[in-house]
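Chemist: Following this line is input36.txt, made up of compact mmCIF, C-alpha atoms:
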```txt
# COMPACT_ATOMS: atom_id res chain seq x y z
CA MET A 1082 -1.57 51.79 22.63
CA GLU A 1083 -5.06 50.55 23.43
CA GLN A 1084 -6.27 52.33 20.29
CA LEU A 1085 -4.64 49.58 18.21
CA ILE A 1086 -6.25 46.61 19.96
CA GLY A 1087 -8.92 44.85 17.93
CA THR A 1088 -9.63 45.02 14.21
CA GLY A 1089 -7.70 47.37 12.00
CA VAL A 1090 -8.19 47.32 8.24
CA ALA A 1091 -5.65 48.06 5.52
CA LEU A 1092 -7.58 50.40 3.25
CA ILE A 1093 -7.55 49.98 -0.53
CA THR A 1094 -7.08 52.88 -2.91
CA PRO A 1095 -10.11 52.79 -5.24
CA PHE A 1096 -9.46 53.73 -8.86
CA ARG A 1097 -11.75 54.98 -11.59
CA GLU A 1098 -11.78 53.29 -14.99
CA ASP A 1099 -9.06 55.71 -16.14
CA LEU A 1100 -6.92 54.61 -13.15
CA SER A 1101 -7.16 57.95 -11.34
CA VAL A 1102 -7.89 57.89 -7.60
CA ASP A 1103 -11.64 57.62 -6.99
CA VAL A 1104 -12.21 60.04 -4.12
CA ASP A 1105 -15.95 59.35 -3.82
CA ALA A 1106 -15.36 55.60 -3.59
CA LEU A 1107 -12.62 56.08 -0.98
CA GLU A 1108 -15.05 58.08 1.13
CA ARG A 1109 -17.56 55.20 0.84
CA VAL A 1110 -14.93 52.63 1.84
CA VAL A 1111 -14.00 54.63 4.94
CA GLU A 1112 -17.62 55.18 5.94
CA TYR A 1113 -18.52 51.52 5.31
CA ASN A 1114 -15.77 50.39 7.67
CA ILE A 1115 -16.55 52.93 10.38
CA GLN A 1116 -20.23 51.92 10.30
CA GLY A 1117 -19.17 48.26 10.22
CA GLY A 1118 -17.49 48.53 13.60
CA VAL A 1119 -13.77 48.27 12.89
CA ASP A 1120 -11.47 49.71 15.54
CA TYR A 1121 -8.93 51.61 13.43
CA LEU A 1122 -7.91 52.35 9.83
CA VAL A 1123 -4.53 51.81 8.19
CA VAL A 1124 -3.76 54.23 5.36
CA LEU A 1125 -1.24 53.63 2.55
CA GLY A 1126 -0.31 50.07 3.41
CA THR A 1127 0.51 47.42 0.80
CA THR A 1128 -3.21 46.86 0.15
CA ALA A 1129 -3.47 50.53 -0.89
CA GLU A 1130 -1.15 49.79 -3.86
CA SER A 1131 0.98 52.56 -2.40
CA ALA A 1132 3.97 51.45 -4.49
CA THR A 1133 2.07 52.66 -7.58
CA LEU A 1134 0.92 56.00 -6.14
CA SER A 1135 2.67 59.32 -6.75
CA GLN A 1136 3.46 61.58 -3.81
CA ALA A 1137 0.54 63.82 -4.81
CA GLU A 1138 -1.81 60.84 -4.91
CA LYS A 1139 -0.60 59.63 -1.51
CA GLN A 1140 -1.33 63.04 -0.06
CA LEU A 1141 -4.77 63.01 -1.70
CA VAL A 1142 -5.54 59.62 -0.13
CA VAL A 1143 -4.41 60.85 3.30
CA ASP A 1144 -6.48 64.03 3.01
CA VAL A 1145 -9.63 62.14 1.96
CA VAL A 1146 -9.34 59.53 4.72
CA VAL A 1147 -8.62 62.11 7.44
CA ARG A 1148 -11.50 64.32 6.30
CA THR A 1149 -13.99 61.45 6.00
CA ASN A 1150 -12.97 59.84 9.28
CA ALA A 1151 -13.36 63.20 11.04
CA GLY A 1152 -11.63 61.95 14.17
CA ARG A 1153 -13.97 59.00 14.71
CA LEU A 1154 -11.39 56.19 14.56
CA PRO A 1155 -7.65 56.05 15.23
CA LEU A 1156 -5.55 56.21 12.06
CA VAL A 1157 -2.24 54.51 11.24
CA LEU A 1158 -0.08 55.60 8.29
CA GLY A 1159 2.15 53.32 6.25
CA VAL A 1160 5.63 54.83 6.06
CA GLY A 1161 8.34 52.38 5.08
CA GLY A 1162 10.88 51.37 2.49
CA ASN A 1163 14.22 49.76 1.82
CA ASN A 1164 16.20 53.01 1.86
CA THR A 1165 16.58 53.64 5.58
CA MET A 1166 17.78 57.23 5.32
CA ALA A 1167 15.02 58.16 2.87
CA VAL A 1168 12.35 56.80 5.24
CA ALA A 1169 13.90 58.70 8.15
CA GLN A 1170 13.93 61.90 6.09
CA GLU A 1171 10.29 61.38 5.09
CA LEU A 1172 9.31 60.99 8.74
CA LYS A 1173 10.89 64.34 9.56
CA ILE A 1174 8.83 66.25 6.98
CA LEU A 1175 5.47 64.45 7.10
CA ASP A 1176 2.54 65.95 8.99
CA LEU A 1177 1.62 63.06 11.28
CA SER A 1178 -0.67 65.04 13.58
CA ASP A 1179 -3.78 63.03 12.54
CA PHE A 1180 -2.16 59.63 13.12
CA GLU A 1181 -1.71 57.47 16.22
CA ALA A 1182 1.22 55.52 14.79
CA ILE A 1183 3.12 54.64 11.65
CA LEU A 1184 3.27 51.14 10.18
CA SER A 1185 6.74 50.51 8.79
CA VAL A 1186 7.70 47.42 6.82
CA SER A 1187 10.94 45.52 7.30
CA PRO A 1188 13.25 46.43 4.38
CA TYR A 1189 12.36 44.52 1.22
CA TYR A 1190 14.54 43.35 -1.68
CA ASN A 1191 17.87 44.24 -0.01
CA LYS A 1192 17.58 41.13 2.24
CA PRO A 1193 19.46 42.61 5.24
CA THR A 1194 20.86 40.56 8.10
CA GLN A 1195 19.04 40.58 11.43
CA GLU A 1196 21.46 43.24 12.63
CA GLY A 1197 20.67 45.28 9.52
CA ILE A 1198 16.95 45.03 10.29
CA TYR A 1199 17.61 46.08 13.89
CA GLN A 1200 19.68 49.09 12.83
CA HIS A 1201 17.04 50.08 10.24
CA PHE A 1202 14.29 50.21 12.85
CA LYS A 1203 16.62 51.96 15.32
CA VAL A 1204 16.90 54.81 12.79
CA ILE A 1205 13.13 54.76 12.14
CA SER A 1206 12.41 54.88 15.88
CA GLU A 1207 14.75 57.83 16.39
CA ALA A 1208 13.25 59.72 13.42
CA SER A 1209 9.56 59.13 14.13
CA PRO A 1210 7.68 61.69 16.24
CA ILE A 1211 4.87 59.18 16.86
CA PRO A 1212 4.76 55.48 17.86
CA VAL A 1213 6.03 52.85 15.42
CA VAL A 1214 4.42 49.51 14.54
CA MET A 1215 6.88 47.30 12.67
CA TYR A 1216 5.68 45.03 9.86
CA ASN A 1217 7.17 41.60 9.14
CA VAL A 1218 5.96 40.05 5.89
CA PRO A 1219 8.65 37.64 4.62
CA ALA A 1220 6.66 36.59 1.54
CA ARG A 1221 6.96 40.16 0.24
CA THR A 1222 10.27 41.36 1.70
CA GLY A 1223 12.44 38.31 1.05
CA SER A 1224 13.66 38.15 4.64
CA ASN A 1225 12.12 37.09 7.93
CA MET A 1226 12.43 39.34 10.97
CA LEU A 1227 13.16 36.80 13.70
CA PRO A 1228 11.54 37.00 17.16
CA GLU A 1229 14.90 37.77 18.76
CA THR A 1230 15.23 40.90 16.61
CA THR A 1231 11.65 42.00 17.23
CA LEU A 1232 11.96 41.50 20.99
CA ARG A 1233 15.29 43.32 21.11
CA LEU A 1234 13.73 46.33 19.37
CA ALA A 1235 10.68 46.16 21.65
CA GLU A 1236 12.93 46.28 24.71
CA ASP A 1237 15.31 48.95 23.42
CA PHE A 1238 12.92 51.58 22.00
CA SER A 1239 9.87 52.76 23.92
CA ASN A 1240 8.16 54.23 20.86
CA ILE A 1241 8.26 50.89 19.01
CA VAL A 1242 4.91 49.73 20.34
CA GLY A 1243 4.07 46.67 18.28
CA ILE A 1244 4.52 44.48 15.24
CA LYS A 1245 2.20 43.47 12.46
CA GLU A 1246 3.35 39.86 12.15
CA ALA A 1247 2.61 38.18 8.82
CA CYS A 1248 5.18 35.40 8.92
CA GLY A 1249 2.44 32.75 8.81
CA ASP A 1250 4.35 30.67 11.38
CA SER A 1251 2.36 29.95 14.54
CA VAL A 1252 5.50 28.90 16.42
CA GLN A 1253 7.15 32.26 15.69
CA ILE A 1254 3.98 34.15 16.65
CA ASP A 1255 3.61 32.21 19.91
CA LYS A 1256 7.26 32.92 20.79
CA LEU A 1257 6.69 36.65 20.31
CA ILE A 1258 3.56 36.61 22.46
CA LYS A 1259 5.27 34.59 25.18
CA TYR A 1260 8.38 36.76 25.55
CA LYS A 1261 7.21 40.26 24.55
CA PRO A 1262 7.11 43.19 27.00
CA GLU A 1263 3.67 43.47 28.57
CA SER A 1264 2.52 46.55 26.64
CA PHE A 1265 3.99 45.47 23.27
CA LEU A 1266 1.33 44.60 20.69
CA VAL A 1267 1.57 41.50 18.52
CA ILE A 1268 -0.89 42.22 15.71
CA SER A 1269 -1.73 39.55 13.16
CA GLY A 1270 -1.03 40.41 9.55
CA ASP A 1271 -2.72 37.28 8.20
CA ASP A 1272 -6.49 36.97 8.10
CA ALA A 1273 -6.31 33.19 8.37
CA THR A 1274 -4.16 33.19 11.53
CA ALA A 1275 -5.73 36.26 13.14
CA LEU A 1276 -8.08 34.39 15.45
CA PRO A 1277 -5.54 31.78 16.66
CA SER A 1278 -3.12 34.63 17.28
CA VAL A 1279 -5.68 36.58 19.34
CA LEU A 1280 -6.66 33.52 21.37
CA SER A 1281 -2.95 33.01 22.14
CA GLY A 1282 -2.66 36.54 23.52
CA GLY A 1283 -2.27 38.67 20.40
CA ALA A 1284 -3.72 42.18 20.25
CA GLY A 1285 -5.82 41.80 17.11
CA VAL A 1286 -5.36 42.10 13.38
CA ILE A 1287 -4.70 44.47 10.51
CA SER A 1288 -7.02 42.77 8.07
CA VAL A 1289 -7.67 42.74 4.34
CA LEU A 1290 -10.91 40.74 4.34
CA GLY A 1291 -12.19 42.77 7.30
CA GLN A 1292 -12.46 45.75 4.97
CA GLY A 1293 -15.06 43.95 2.87
CA LEU A 1294 -16.82 42.25 5.79
CA PRO A 1295 -16.24 44.64 8.70
CA VAL A 1296 -19.22 43.55 10.82
CA GLN A 1297 -18.36 39.84 10.80
CA PHE A 1298 -14.60 40.24 11.09
CA SER A 1299 -14.80 42.76 13.91
CA GLU A 1300 -17.21 40.56 15.82
CA MET A 1301 -14.93 37.53 15.39
CA ILE A 1302 -11.92 39.40 16.78
CA LYS A 1303 -14.00 40.90 19.60
CA PHE A 1304 -15.15 37.42 20.62
CA GLY A 1305 -11.54 36.22 20.46
CA LEU A 1306 -10.28 39.05 22.69
CA GLU A 1307 -13.06 38.27 25.17
CA GLY A 1308 -11.99 34.61 25.24
CA ASN A 1309 -15.18 33.41 23.53
CA GLY A 1310 -13.45 30.88 21.31
CA GLU A 1311 -16.64 29.06 20.37
CA GLY A 1312 -18.38 32.19 19.11
CA ALA A 1313 -15.23 33.42 17.38
CA TYR A 1314 -14.56 30.15 15.59
CA ASP A 1315 -18.17 29.93 14.45
CA ILE A 1316 -17.56 33.14 12.46
CA HIS A 1317 -14.02 32.15 11.49
CA HIS A 1318 -15.20 28.94 9.83
CA LYS A 1319 -17.76 30.88 7.79
CA LEU A 1320 -15.05 33.25 6.55
CA THR A 1321 -12.24 30.81 5.75
CA THR A 1322 -13.19 30.30 2.10
CA LEU A 1323 -13.16 34.04 1.45
CA MET A 1324 -9.93 34.45 3.43
CA SER A 1325 -8.32 32.16 0.85
CA LEU A 1326 -10.12 33.39 -2.27
CA ILE A 1327 -9.22 37.06 -1.90
CA PHE A 1328 -5.50 36.23 -2.13
CA GLU A 1329 -5.82 33.69 -4.96
CA GLU A 1330 -4.77 36.22 -7.62
CA GLY A 1331 -2.87 38.64 -5.41
CA ASN A 1332 -3.80 41.46 -3.08
CA PRO A 1333 -5.82 43.71 -3.44
CA ALA A 1334 -7.47 42.20 -6.54
CA GLY A 1335 -9.63 39.92 -4.39
CA ILE A 1336 -10.79 42.43 -1.80
CA LYS A 1337 -11.49 44.96 -4.55
CA SER A 1338 -13.77 42.37 -6.14
CA ILE A 1339 -15.74 42.06 -2.89
CA LEU A 1340 -16.09 45.83 -2.59
CA GLU A 1341 -17.22 46.04 -6.21
CA GLN A 1342 -19.86 43.38 -5.64
CA LYS A 1343 -21.07 45.36 -2.65
CA GLY A 1344 -21.41 48.47 -4.82
CA ILE A 1345 -18.78 50.44 -2.91
CA SER A 1346 -15.91 50.78 -5.41
CA ARG A 1347 -14.59 49.39 -8.69
CA ALA A 1348 -12.37 46.31 -8.87
CA THR A 1349 -9.78 48.23 -10.92
CA VAL A 1350 -6.11 47.85 -9.94
CA ARG A 1351 -2.92 49.30 -11.37
CA LEU A 1352 -0.21 47.39 -13.20
CA PRO A 1353 1.71 45.28 -12.53
CA LEU A 1354 -1.33 43.86 -10.73
CA MET A 1355 -4.32 42.60 -12.69
CA GLU A 1356 -8.00 42.86 -11.86
CA ALA A 1357 -9.58 39.63 -10.56
CA THR A 1358 -10.56 37.29 -13.37
CA PRO A 1359 -14.24 36.59 -14.09
CA THR A 1360 -13.68 33.09 -12.67
CA LEU A 1361 -12.42 34.41 -9.34
CA LYS A 1362 -15.15 37.06 -9.19
CA GLU A 1363 -17.74 34.32 -9.66
CA LYS A 1364 -16.24 32.22 -6.85
CA ILE A 1365 -16.20 35.26 -4.56
CA ALA A 1366 -19.81 36.10 -5.45
CA THR A 1367 -20.89 32.53 -4.65
CA SER A 1368 -19.09 32.59 -1.29
CA LEU A 1369 -20.67 35.94 -0.40
CA LYS A 1370 -24.13 34.49 -1.11
CA VAL A 1371 -23.38 31.50 1.12
CA LEU A 1372 -22.23 33.85 3.86
CA ASP A 1373 -25.36 36.01 3.49
CA ARG A 1374 -27.58 32.94 3.83
CA ALA A 1375 -25.68 31.85 6.94
CA HIS A 1376 -26.34 35.26 8.54
CA ALA A 1377 -29.97 35.44 7.38
```
Would you mind writing the structure in this file as structure tokens?
Modeler:
Amino acid sequence: MEQLIGTGVALITPFREDLSVDVDALERVVEYNIQGGVDYLVVLGTTAESATLSQAEKQLVVDVVVRTNAGRLPLVLGVGGNNTMAVAQELKILDLSDFEAILSVSPYYNKPTQEGIYQHFKVISEASPIPVVMYNVPARTGSNMLPETTLRLAEDFSNIVGIKEACGDSVQIDKLIKYKPESFLVISGDDATALPSVLSGGAGVISVLGQGLPVQFSEMIKFGLEGNGEGAYDIHHKLTTLMSLIFEEGNPAGIKSILEQKGISRATVRLPLMEATPTLKEKIATSLKVLDRAHA
């Protein structure tokens, strides 16, 4: 799955003031990222506020992204949940012809055992007509998918091609990279640990900040994959403040603030999330100005 090496971005769903999906803004977001040099786009991930979208709205988002992308970049679709059979059923009826892979989160809220997580992804693997990238994000799911479980799935199912690893634990990430099958992709799910992960042998990142700063983030990951640690860390250090700020009041409030300040889309989010506060927006604006001066 060479298509998923490098910088992927988890696309937001822009909303109008009345909270309807802003199709024009979504087209701008997609185009901005393609022109910015990212390697692939992830549709309907957590950052898309997909939990608050109706089925009709999800289909609208998919249609807009596919049409705007026009085959230029590989696409990954978020298809996951904590009802295993419902996810499997969804995979059987979805039209996945425009997508390289699905991104499927480890079951949240239920807090399954490691065997339960294994059996969940076994069903997903058997139901999916395209490759599967698993997603481990313990801070959101309430349970950590241990390396032993990930590696077991990687060995047992040929269409499970990678994991988006957002455990935030460098020891766990290093263990995955050390023992994984050669072609299995360990993709960072944390902006802050993306570069260290890549320099340790990871395949890249599915980024949130990269969506607002595609040129800089893509270049950082490219340098990392080429083994140019000095060049990569030079960019990394310039981005660290924003990596932290955009998550200060939850995701995607922060990244939507960046995109608003760049004139691409509104900062509007849907409840239960709240739009970034004026204080956070000001801090983000200041950091963007500092970054602009550094690149001037």
Chemist: Could you write out as JSON the box around region 1107-1119 of chain A (axis-aligned, all atoms listed in the file, 5 Å on each side), with centre and edge lengths in Å to one decimal?
Modeler:
```
{"center_x": -16.4, "center_y": 53.2, "center_z": 6.3, "size_x": 17.6, "size_y": 19.8, "size_z": 24.6}
```
Chemist: Residues around (-17.9, 34.0, 12.1), cut-off 8 Å, counting all atoms listed in the file - what are they as a PDB file with C-alpha atoms, in the frame of the given file?
Modeler:
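Dumped everything to point12.pdb:
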```
ATOM      1  CA  GLN A1297     -18.360  39.840  10.800  1.00  0.00           C
ATOM      2  CA  PHE A1298     -14.600  40.240  11.090  1.00  0.00           C
ATOM      3  CA  GLU A1300     -17.210  40.560  15.820  1.00  0.00           C
ATOM      4  CA  MET A1301     -14.930  37.530  15.390  1.00  0.00           C
ATOM      5  CA  GLY A1312     -18.380  32.190  19.110  1.00  0.00           C
ATOM      6  CA  ALA A1313     -15.230  33.420  17.380  1.00  0.00           C
ATOM      7  CA  TYR A1314     -14.560  30.150  15.590  1.00  0.00           C
ATOM      8  CA  ASP A1315     -18.170  29.930  14.450  1.00  0.00           C
ATOM      9  CA  ILE A1316     -17.560  33.140  12.460  1.00  0.00           C
ATOM     10  CA  HIS A1317     -14.020  32.150  11.490  1.00  0.00           C
ATOM     11  CA  HIS A1318     -15.200  28.940   9.830  1.00  0.00           C
ATOM     12  CA  LYS A1319     -17.760  30.880   7.790  1.00  0.00           C
ATOM     13  CA  LEU A1320     -15.050  33.250   6.550  1.00  0.00           C
TER      14      LEU A1320
END
```
Chemist: Can you list, as a PDB file with C-alpha atoms, in the coordinates of the input, every protein, DNA or RNA residue that comes within 9 Å of Gly1159 (chain A) when you count all atoms listed in the file, leaving out same-chain residues fewer than 3 positions away?
Modeler:
```pdb
ATOM      1  CA  VAL A1123      -4.530  51.810   8.190  1.00  0.00           C
ATOM      2  CA  VAL A1124      -3.760  54.230   5.360  1.00  0.00           C
ATOM      3  CA  LEU A1125      -1.240  53.630   2.550  1.00  0.00           C
ATOM      4  CA  GLY A1126      -0.310  50.070   3.410  1.00  0.00           C
ATOM      5  CA  THR A1127       0.510  47.420   0.800  1.00  0.00           C
ATOM      6  CA  SER A1131       0.980  52.560  -2.400  1.00  0.00           C
ATOM      7  CA  ALA A1182       1.220  55.520  14.790  1.00  0.00           C
ATOM      8  CA  ILE A1183       3.120  54.640  11.650  1.00  0.00           C
ATOM      9  CA  LEU A1184       3.270  51.140  10.180  1.00  0.00           C
ATOM     10  CA  SER A1185       6.740  50.510   8.790  1.00  0.00           C
ATOM     11  CA  VAL A1186       7.700  47.420   6.820  1.00  0.00           C
TER      12      VAL A1186
END
```
Chemist: Pick out the residues sitting within 12 Å of region 1151-1154 of chain A, and hand them over as a ChimeraX atom specification; count all atoms listed in the file, and ignore anything fewer than 5 positions along from it in its own chain.
Modeler: /A:1084-1085,1088-1090,1108,1111-1112,1114-1123,1144-1146,1178-1181
Chemist: For Ile1345 (chain A), which of A:Gly1293, A:Pro1262, A:Pro1212, A:Gly1285 is the closest residue, counting all atoms listed in the file?
Modeler: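 Among the listed residues, A:Gly1293 lies closest to Ile1345 (chain A).
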Chemist: Using only C-alpha atoms, can you tell me which of A:Arg1351, A:Thr1094, A:Gly1162, A:Lys1139 comes closest to Asn1191 (chain A)?
Modeler: A:Gly1162
Chemist: Could you state the separation of CA of Thr1194 (chain A) and CA of Gln1253 (chain A) in Å, given to one decimal place?
Modeler: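 We find that CA of Thr1194 (chain A) and CA of Gln1253 (chain A) lie 17.7 Å from each other.
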Chemist: Name the residues in contact with Arg1233 (chain A) at a cut-off of 12 Å, using only C-alpha atoms, excluding same-chain residues fewer than 6 positions from it; report them as an MDAnalysis selection string.
Modeler: chainID A and resid 1195:1196 1198:1200 1202:1203 1226:1227 1239 1241 1257 1260:1262 1265
Chemist: Set the distance at 9 Å and use only C-alpha atoms: which residues neighbour Ser1187 (chain A) once local chain neighbours fewer than 3 positions away are removed? I'd like the list as a short mmCIF file (atom, residue, chain, number, x, y, z; two decimals) with C-alpha atoms, in the coordinates of the input.
Modeler:
```
data_model
loop_
_atom_site.label_atom_id
_atom_site.label_comp_id
_atom_site.auth_asym_id
_atom_site.auth_seq_id
_atom_site.Cartn_x
_atom_site.Cartn_y
_atom_site.Cartn_z
CA GLY A 1161 8.34 52.38 5.08
CA GLY A 1162 10.88 51.37 2.49
CA ASN A 1163 14.22 49.76 1.82
CA ILE A 1198 16.95 45.03 10.29
CA HIS A 1201 17.04 50.08 10.24
CA PHE A 1202 14.29 50.21 12.85
CA MET A 1215 6.88 47.30 12.67
CA TYR A 1216 5.68 45.03 9.86
CA ASN A 1217 7.17 41.60 9.14
CA VAL A 1218 5.96 40.05 5.89
CA PRO A 1219 8.65 37.64 4.62
CA THR A 1222 10.27 41.36 1.70
CA SER A 1224 13.66 38.15 4.64
CA ASN A 1225 12.12 37.09 7.93
CA MET A 1226 12.43 39.34 10.97
#
```
Chemist: How far is it from CA of Ile1268 (chain A) to CA of Glu1246 (chain A), in Å with one decimal?
Modeler: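 We find that CA of Ile1268 (chain A) and CA of Glu1246 (chain A) lie 6.0 Å from each other.
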Chemist: For CA of Gln1140 (chain A) and CA of Asp1105 (chain A), determine how far apart the two atoms are, in Å to one decimal place.
Modeler: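 CA of Gln1140 (chain A) sits 15.5 Å away from CA of Asp1105 (chain A).
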